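Since the structure comes first, as structure tokens, the remarks are kept for the end.
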Amino acid sequence: MIFGRFSKQHFLSLKWKVVVYLALVLLVTQLIYAVYAYRQLTHNLDVNQQRSIQRDQATLQGLVDNSFERLLEAGGVVPLLAAVSNTNPSQFDFIAAIRDYLPDMMISGVLDGAFLYNSKGELLERQGYISALPIALVQDVLTTETPKRHFHCARTCVRSVAMPVLFNGVSTGVLVVSRELRDIVLEFKTQYGRDIGLAVRPGGGDRQFDLQYLTQREENLSVINRLLSTENIGSDGGIFPLEFETHFYQVVLQPVSAETAEAFWVLVYDRTELHQRAAKELIRQLTIAAIGLLFAGLVQLLVLRGPLRALSEIACLLPLLASSSYREVRHGLKRHRQGNIFQDELDMLQDSTGELTNQLEHLEASLIQRAQNLQQRSQQLQTERDFVTSLMDTAETIIMTMSSDGRVVTMNRYGRDLFRLKDEPISLNFLKLPHQAGGLEKHLQAFKQVFSGQKNKLQLETALLDDAGHLIHISWLHSRLQLVDSDAVILSIGMDITERTQAEQQLSWLANHDPLTKLPNQMMFNSSLEQILGMQGAAGEDQSRVGILFCDFDGFKDVNDSLGHPVGDELLQLASKRIANVVGGRGMLARQGGDEFSVILSGCDGFESVAEVAQLILEAFRSPFSISGYEIFSSLSIGIAVYPDHGADRITLVKHADVAMFEAKDRGKNQYCFFEGDRGSDRYERFSLTNDLRKALERDEFRLHYQPQIDARNGQVIGVEALLRWQHPNHGFIPPDKFIPLAEETGLIIEIGRWVLYEACRNTQQWNQQGMRFRIGVNVAGQQILHASLLDTLQQVLAETELPPELLDLEVTESFLLKQPEVTLPKLRQVREMGIFLSMDDFGTGYSSLSYLKKLPLNTLKIDKSFINDIGDRGEGETIIKAIISLAQGLGLECIAEGVETPRQLTYLLNHGCHQIQGYFYSKPLPAEELPAYVRQQMRQSLQLKK
């Protein structure tokens, strides 16, 4: 049908289509090029003409300027002639000179008129036919005494030069010489051959012009008159194109001078020859284009004749493919194969036709083969169907199809066995099976979504009851079927997940209960408490108190350590039962973890009812537990917080109950204790301070202050002691006696001590490099000395800060040094071998052994401040001070007195041989940035004392 439709149209050979289309393209291209070339030529002609006009205008202006210069030179001859007879010529001498000089000048064409004015502007002499100048110009020359140029147009245009002259050497007059413009016209025409004239418009506003000095007057007069009759000439003139009697002209009207709008230079350009030349060029290009098109068409016919003939013959071969004449097509392709050096589209068409022939032949053969295989395939499908049916019957999954009303159409063997159905036909309606509560509604909703097309498939889990009443949990996947001539509209696949569901329920129970005691765990306790508090908050004024009890075993660790964990676990189980018997239905019991239980008592009348339950729990533990032949006595410490008195949220109540529980232990255990705000806040503050202490280093909250140690004999600073300060963001400066014990308890003293050591050594080395050499004292805690990293830390800090070891003084308390001498002595000796100084701090406050004291590798004893305060008040303190000083001198040690604040204390110490002083008498502890100024001040005072 396709070939038939095309055969009814008019036929035009492809080669002619190619020739015609190519000729049209070339013709349009050549026309565009010719028009462009013509416009470019005319544009260039216009540009050249414009440049020529600009040159002519500049030439005219130059000629005018030269003519003014000649007028000035001609006028300058008159004063010279007047001075021939008289050195100071009078006005009469000037008149005589004009009368003698002007006729010759007029005959020679140099001047056309002359005028002489006296100092009052009165005309004294006039020669020639030129009209007089405006009196204002004469007055201007008399005033400025400088020559002036002037254009004046009336019947004709005259250029004049007015120059000042001197009469009798006293008064000033004005000499004016004038000339018409005919000499400029003649000179321009002679030099450049252009047609030029002068157009004068009498009265200024009239459209009529008087043409003067027009060259080629007979030829140009009619052209200019035509222009003047058709154009409105403004005061600025202009350039006007004009076509007149088969000629093309360009007329330029240029104002003679900016001073007048009545006269114009007229330049006439005949552009006829240029236009004709452009037209001939256009015709020439079009002729060449036509010849080129004809030649290109002939060449194209010759070039395409062979390929197009081959293309036509290939087109005749293609219908043979419809009749399976593949051999004839191949033979025709071989006959028309061209021996080209380079392949072209025709070769590709021949190759494609050959490839198409091969593919069609192969396709036809394959179709025949496929038809032969269809019957075999049908038999295989029947075999596969039987296999699928067998596979579905053996699958441990329910596979069934249902109608829209829930009637089961087909079901595999596993489903029939599960529902105890006999073989076909199946008589079962899925919607009438014994579903668990809510399961049928889920399926009805799912079927509705599937039938409506909202979802193509839907998954849900439900439970069915078997004949014994047991739940069978099944995960269903319902999919929509679109089968023709079948009642089945839903495919349902069900998997028995009963064991998995039971495992998930077990995991859910374990997530909320303690496996050992079977009690609710901490997670369930928190959730229940949140729920109870939320209900109390919503009750408003009708809310009641809620008691939270935290019960912790006293000495449970001893049971585990001595009798083993199995006994401990059984103890926890028995203890939970005793507590549960007491709590009963009054609240909820949970295990928090370890040996700690918690109780929620809701709906309490007051503190008394909560205390009553707590007392009953304590009494329940008075009788011993009998476990594995052991009689175990155990007690509880109970902390109580009550809502809303001790907090309105779970976190606050739990925290306060925990604090109260620790308070009960502090009071002796085996008792209950309500949360008390003040004591609880102190304990909470201690906890909070411990937490903040752990973050203080990260937040850069520690600061070091330095208290100078002075040689009282000369005022020199011989050392400083580094004192740690904590700048808390909320509490300000916290004293060391408050946070140092916490750091020692938590083990943070190791990390904090390393920071103090590094900062003190770094600052001291900086001061040392600035010329302030003194020793830095750093307090070292006992845990730091016992720690294995002490020596490595000292070496690393000294290496990083480059501080000389002899400038570092480690201060150790007396009480610690004598606790474990077998451990501390070897390590302290190693410190001394590194060149580091050692001082015993707070000497005299402990119980020193003199036998150990002489073995210690010390350099300095520091007298404690408590003894310094006794100077002048108690004789015992002064006696101890004298003994310490004598002891230090006897052992060859230095002695420093701490806490010196009064002149009396200083005098006493100096009198007894202790001259190294530390205390507020000299300086309080200073920040690092203030210490250098103090040291320099002491150095200056020391120098003054020496002088």
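Please note that chains go A, B, ... in the order of the structure tokens, that every chain numbers its residues from 1, and that ligands are numbered from 1 in the order shown.
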Pick out the residues sitting within 7 Å of segment 474-485 of chain A, and hand them over as a ChimeraX atom specification; count only C-alpha atoms, and ignore anything fewer than 6 positions along from it in its own chain.
-> /A:450,456-463,491-498
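Residues in contact with Gly237 of chain A at up to 12 Å, not including ones fewer than 5 positions away on its chain and judged by only C-alpha atoms, are Ala199, Arg201, Leu228, Glu231, Asn232, Val251, Val252, Leu253, Gln254, Pro255, Val256, Ser257, Ala258, Thr260, Ala261, Glu262, Ala263, Phe264, Trp265, Val266 and Leu267 of chain A.
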Write a file of the selected residues as a compact mmCIF listing (two decimals), in the first residue's frame, keeping all heavy atoms.
# COMPACT_ATOMS: atom_id res chain seq x y z
N ALA A 199 26.05 81.55 -1.72
CA ALA A 199 24.60 81.77 -1.66
C ALA A 199 24.31 82.73 -0.53
O ALA A 199 24.64 82.44 0.62
CB ALA A 199 23.87 80.45 -1.46
N ARG A 201 21.38 84.92 1.50
CA ARG A 201 19.95 84.98 1.74
C ARG A 201 19.62 86.37 2.29
O ARG A 201 19.90 86.63 3.47
CB ARG A 201 19.56 83.89 2.74
CG ARG A 201 18.07 83.89 3.10
CD ARG A 201 17.63 82.58 3.69
NE ARG A 201 18.49 82.18 4.81
CZ ARG A 201 18.44 80.97 5.37
NH1 ARG A 201 17.59 80.08 4.93
NH2 ARG A 201 19.28 80.67 6.35
N LEU A 228 17.05 74.42 -3.65
CA LEU A 228 16.51 75.47 -2.79
C LEU A 228 14.99 75.46 -2.79
O LEU A 228 14.36 75.88 -1.82
CB LEU A 228 17.03 76.83 -3.23
CG LEU A 228 18.55 77.03 -3.10
CD1 LEU A 228 18.95 78.39 -3.64
CD2 LEU A 228 18.98 76.88 -1.65
N GLU A 231 14.16 71.94 -0.52
CA GLU A 231 14.68 71.76 0.83
C GLU A 231 14.56 73.05 1.62
O GLU A 231 14.69 74.15 1.06
CB GLU A 231 16.16 71.34 0.80
CG GLU A 231 16.40 70.01 0.12
CD GLU A 231 15.94 68.84 0.96
OE1 GLU A 231 15.69 69.03 2.17
OE2 GLU A 231 15.83 67.74 0.40
N ASN A 232 14.35 72.92 2.91
CA ASN A 232 14.31 74.07 3.82
C ASN A 232 15.69 74.17 4.46
O ASN A 232 16.05 73.36 5.31
CB ASN A 232 13.23 73.87 4.87
CG ASN A 232 13.07 75.09 5.77
OD1 ASN A 232 13.54 76.17 5.42
ND2 ASN A 232 12.42 74.91 6.90
N VAL A 251 24.99 68.26 -2.92
CA VAL A 251 25.20 69.70 -2.73
C VAL A 251 25.46 69.94 -1.24
O VAL A 251 24.71 69.48 -0.39
CB VAL A 251 23.97 70.50 -3.19
CG1 VAL A 251 24.21 71.99 -3.00
CG2 VAL A 251 23.66 70.19 -4.65
N VAL A 252 26.54 70.70 -0.99
CA VAL A 252 26.94 71.02 0.38
C VAL A 252 26.74 72.50 0.61
O VAL A 252 27.26 73.33 -0.16
CB VAL A 252 28.40 70.62 0.64
CG1 VAL A 252 28.80 70.99 2.07
CG2 VAL A 252 28.60 69.14 0.40
N LEU A 253 25.99 72.88 1.63
CA LEU A 253 25.81 74.27 2.03
C LEU A 253 26.49 74.44 3.38
O LEU A 253 26.09 73.84 4.37
CB LEU A 253 24.32 74.61 2.13
CG LEU A 253 23.53 74.59 0.81
CD1 LEU A 253 22.08 74.94 1.07
CD2 LEU A 253 24.12 75.55 -0.20
N GLN A 254 27.56 75.22 3.39
CA GLN A 254 28.35 75.43 4.61
C GLN A 254 28.34 76.90 4.95
O GLN A 254 28.64 77.75 4.11
CB GLN A 254 29.79 74.97 4.40
CG GLN A 254 30.69 75.24 5.61
CD GLN A 254 32.12 74.86 5.34
OE1 GLN A 254 32.41 74.21 4.35
NE2 GLN A 254 33.03 75.31 6.19
N PRO A 255 27.93 77.26 6.21
CA PRO A 255 27.93 78.70 6.58
C PRO A 255 29.33 79.28 6.38
O PRO A 255 30.34 78.66 6.71
CB PRO A 255 27.54 78.67 8.06
CG PRO A 255 26.79 77.39 8.23
CD PRO A 255 27.42 76.43 7.30
N VAL A 256 29.32 80.51 5.79
CA VAL A 256 30.59 81.20 5.55
C VAL A 256 31.29 81.50 6.87
O VAL A 256 32.50 81.33 7.01
CB VAL A 256 30.35 82.49 4.74
CG1 VAL A 256 31.64 83.31 4.63
CG2 VAL A 256 29.82 82.16 3.37
N SER A 257 30.51 81.88 7.87
CA SER A 257 31.08 82.23 9.17
C SER A 257 30.04 81.96 10.23
O SER A 257 28.83 81.99 9.97
CB SER A 257 31.53 83.69 9.20
OG SER A 257 31.91 84.07 10.50
N ALA A 258 30.54 81.69 11.44
CA ALA A 258 29.63 81.51 12.56
C ALA A 258 28.95 82.80 12.95
O ALA A 258 27.96 82.79 13.69
CB ALA A 258 30.41 80.94 13.77
N THR A 260 27.44 84.92 10.93
CA THR A 260 26.31 85.27 10.09
C THR A 260 25.61 84.02 9.62
O THR A 260 26.24 82.98 9.41
CB THR A 260 26.76 86.09 8.87
OG1 THR A 260 25.63 86.35 8.06
CG2 THR A 260 27.80 85.34 8.05
N ALA A 261 24.29 84.09 9.49
CA ALA A 261 23.49 82.98 8.98
C ALA A 261 22.90 83.31 7.61
O ALA A 261 22.00 82.62 7.16
CB ALA A 261 22.38 82.66 9.97
N GLU A 262 23.38 84.40 6.96
CA GLU A 262 22.80 84.82 5.68
C GLU A 262 23.56 84.29 4.49
O GLU A 262 23.06 84.36 3.36
CB GLU A 262 22.75 86.36 5.59
CG GLU A 262 21.81 87.02 6.60
CD GLU A 262 22.49 87.24 7.93
OE1 GLU A 262 23.70 86.96 8.02
OE2 GLU A 262 21.82 87.64 8.89
N ALA A 263 24.77 83.76 4.65
CA ALA A 263 25.59 83.36 3.52
C ALA A 263 26.13 81.95 3.73
O ALA A 263 26.48 81.58 4.87
CB ALA A 263 26.75 84.33 3.33
N PHE A 264 26.19 81.19 2.61
CA PHE A 264 26.66 79.81 2.65
C PHE A 264 27.61 79.58 1.48
O PHE A 264 27.36 80.08 0.36
CB PHE A 264 25.50 78.83 2.54
CG PHE A 264 24.52 78.91 3.66
CD1 PHE A 264 23.44 79.78 3.59
CD2 PHE A 264 24.68 78.14 4.80
CE1 PHE A 264 22.54 79.86 4.61
CE2 PHE A 264 23.76 78.22 5.82
CZ PHE A 264 22.69 79.07 5.75
N TRP A 265 28.65 78.83 1.74
CA TRP A 265 29.43 78.28 0.63
C TRP A 265 28.61 77.19 -0.03
O TRP A 265 27.99 76.40 0.64
CB TRP A 265 30.75 77.68 1.11
CG TRP A 265 31.74 78.68 1.68
CD1 TRP A 265 32.16 78.76 2.94
CD2 TRP A 265 32.43 79.68 0.95
NE1 TRP A 265 33.08 79.76 3.13
CE2 TRP A 265 33.27 80.36 1.87
CE3 TRP A 265 32.43 80.11 -0.38
CZ2 TRP A 265 34.09 81.42 1.51
CZ3 TRP A 265 33.26 81.17 -0.74
CH2 TRP A 265 34.07 81.82 0.20
N VAL A 266 28.63 77.12 -1.31
CA VAL A 266 27.90 76.11 -2.06
C VAL A 266 28.91 75.27 -2.82
O VAL A 266 29.65 75.77 -3.66
CB VAL A 266 26.89 76.74 -3.04
CG1 VAL A 266 26.14 75.64 -3.79
CG2 VAL A 266 25.92 77.63 -2.29
N LEU A 267 28.95 73.93 -2.47
CA LEU A 267 29.83 72.98 -3.17
C LEU A 267 28.95 71.97 -3.88
O LEU A 267 28.05 71.38 -3.27
CB LEU A 267 30.74 72.26 -2.16
CG LEU A 267 31.69 73.16 -1.35
CD1 LEU A 267 32.43 72.34 -0.33
CD2 LEU A 267 32.69 73.84 -2.28
For segment 177-192 of chain A, work out the shell of residues within 7 Å, counting only C-alpha atoms and skipping chain neighbours fewer than 3 positions away, then give it as a list of chain:residue names.
->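 Listed by chain and then number, they are A:Leu63, A:Val64, A:Leu71, A:Gly75, A:Leu111, A:Asp112, A:Gly113, A:Ala114, A:Phe115, A:Cys157, A:Val158, A:Arg159, A:Ser160, A:Val161, A:Ala162, A:Asp195, A:Ile196, A:Gly197, A:Tyr213.
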As a PyMOL selection string, which residues of segment 447-514 of chain A does DSSP assign to helix (DSSP H, G or I)?
-> chain A and resi 447-451+498-512
Between A:His470, A:Arg271, A:Arg725, A:Lys422, which is the closest to Gln250 of chain A once you count only C-alpha atoms?
-> A:Arg271
Exercise: Thr907 of chain A partners within 12 Å, only C-alpha atoms, chain neighbours under 5 positions left out, as a short mmCIF file (atom, residue, chain, number, x, y, z; two decimals) with N, CA, C and O atoms, in the first residue's frame:
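Output file selection15.cif follows:
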data_model
loop_
_atom_site.label_atom_id
_atom_site.label_comp_id
_atom_site.auth_asym_id
_atom_site.auth_seq_id
_atom_site.Cartn_x
_atom_site.Cartn_y
_atom_site.Cartn_z
N ALA A 712 65.08 38.47 102.68
CA ALA A 712 64.81 39.69 103.45
C ALA A 712 66.05 40.52 103.70
O ALA A 712 65.95 41.70 104.07
N ARG A 713 67.25 39.97 103.48
CA ARG A 713 68.47 40.74 103.72
C ARG A 713 68.70 41.80 102.66
O ARG A 713 69.26 42.86 102.94
N ILE A 868 53.87 30.46 112.27
CA ILE A 868 54.20 31.89 112.10
C ILE A 868 53.18 32.75 112.81
O ILE A 868 53.51 33.79 113.41
N ILE A 871 53.78 33.74 116.56
CA ILE A 871 54.88 34.63 116.99
C ILE A 871 54.29 35.81 117.75
O ILE A 871 53.41 36.53 117.25
N GLY A 872 54.77 36.02 118.98
CA GLY A 872 54.30 37.12 119.80
C GLY A 872 53.11 36.79 120.65
O GLY A 872 52.74 37.57 121.53
N VAL A 900 54.13 34.99 106.25
CA VAL A 900 54.61 36.14 107.02
C VAL A 900 53.82 37.37 106.61
O VAL A 900 53.80 37.73 105.42
N GLU A 901 53.18 38.05 107.61
CA GLU A 901 52.30 39.16 107.27
C GLU A 901 52.62 40.43 108.05
O GLU A 901 52.17 41.51 107.64
N THR A 902 53.38 40.35 109.15
CA THR A 902 53.59 41.55 109.99
C THR A 902 55.09 41.80 110.16
O THR A 902 55.91 40.88 110.05
N HIS A 912 66.46 35.09 114.27
CA HIS A 912 66.77 33.69 114.55
C HIS A 912 67.33 32.97 113.33
O HIS A 912 67.32 31.73 113.29
N GLY A 913 67.76 33.70 112.34
CA GLY A 913 68.52 33.11 111.24
C GLY A 913 67.70 32.65 110.05
O GLY A 913 68.24 31.96 109.16
N CYS A 914 66.42 32.97 109.97
CA CYS A 914 65.60 32.61 108.78
C CYS A 914 65.35 33.88 107.99
O CYS A 914 64.57 34.75 108.41
N HIS A 915 66.00 33.99 106.82
CA HIS A 915 65.88 35.23 106.03
C HIS A 915 65.13 35.01 104.70
O HIS A 915 64.99 35.96 103.93
N ILE A 917 61.69 34.59 103.05
CA ILE A 917 60.34 34.91 103.54
C ILE A 917 59.36 34.81 102.38
O ILE A 917 59.62 35.26 101.26
N PHE A 921 53.30 40.02 103.67
CA PHE A 921 54.11 41.17 104.07
C PHE A 921 54.83 41.75 102.85
O PHE A 921 54.98 42.97 102.73
#
Using only C-alpha atoms, determine which residues lie at most 7 Å from Leu175 of chain A, disregarding the query and same-chain residues fewer than 5 positions distant; provide the list as an MDAnalysis selection string.
-> chainID A and resid 115:117 162:165
Any idea what's packed within 12 Å of Gln543 of chain A, counting only C-alpha atoms, ignoring anything in its chain fewer than 4 positions away? Could you give it as a list in words?
-> Ile532, Leu533, Gly534, Met535, Gln536, Gly537, Ala538, Ala539, Ser602, Gly603, Cys604, Asp605, Gly606, Tyr643, Pro644 and Ala648 of chain A
Can you check which residues of segment 480-509 of chain A DSSP gives as strand (DSSP E) on the backbone and send them as an mmCIF file with C-alpha atoms, in the first residue's frame?
data_model
loop_
_atom_site.group_PDB
_atom_site.id
_atom_site.type_symbol
_atom_site.label_atom_id
_atom_site.label_comp_id
_atom_site.auth_asym_id
_atom_site.auth_seq_id
_atom_site.Cartn_x
_atom_site.Cartn_y
_atom_site.Cartn_z
ATOM 1 C CA ARG A 480 -4.274 -7.714 43.012
ATOM 2 C CA ILE A 490 -6.550 -11.487 44.896
ATOM 3 C CA LEU A 491 -3.368 -13.504 45.314
ATOM 4 C CA SER A 492 -2.583 -14.064 49.000
ATOM 5 C CA ILE A 493 0.669 -15.482 50.333
ATOM 6 C CA GLY A 494 0.791 -16.237 54.051
ATOM 7 C CA MET A 495 3.779 -17.227 56.174
ATOM 8 C CA ASP A 496 3.448 -18.766 59.637
#
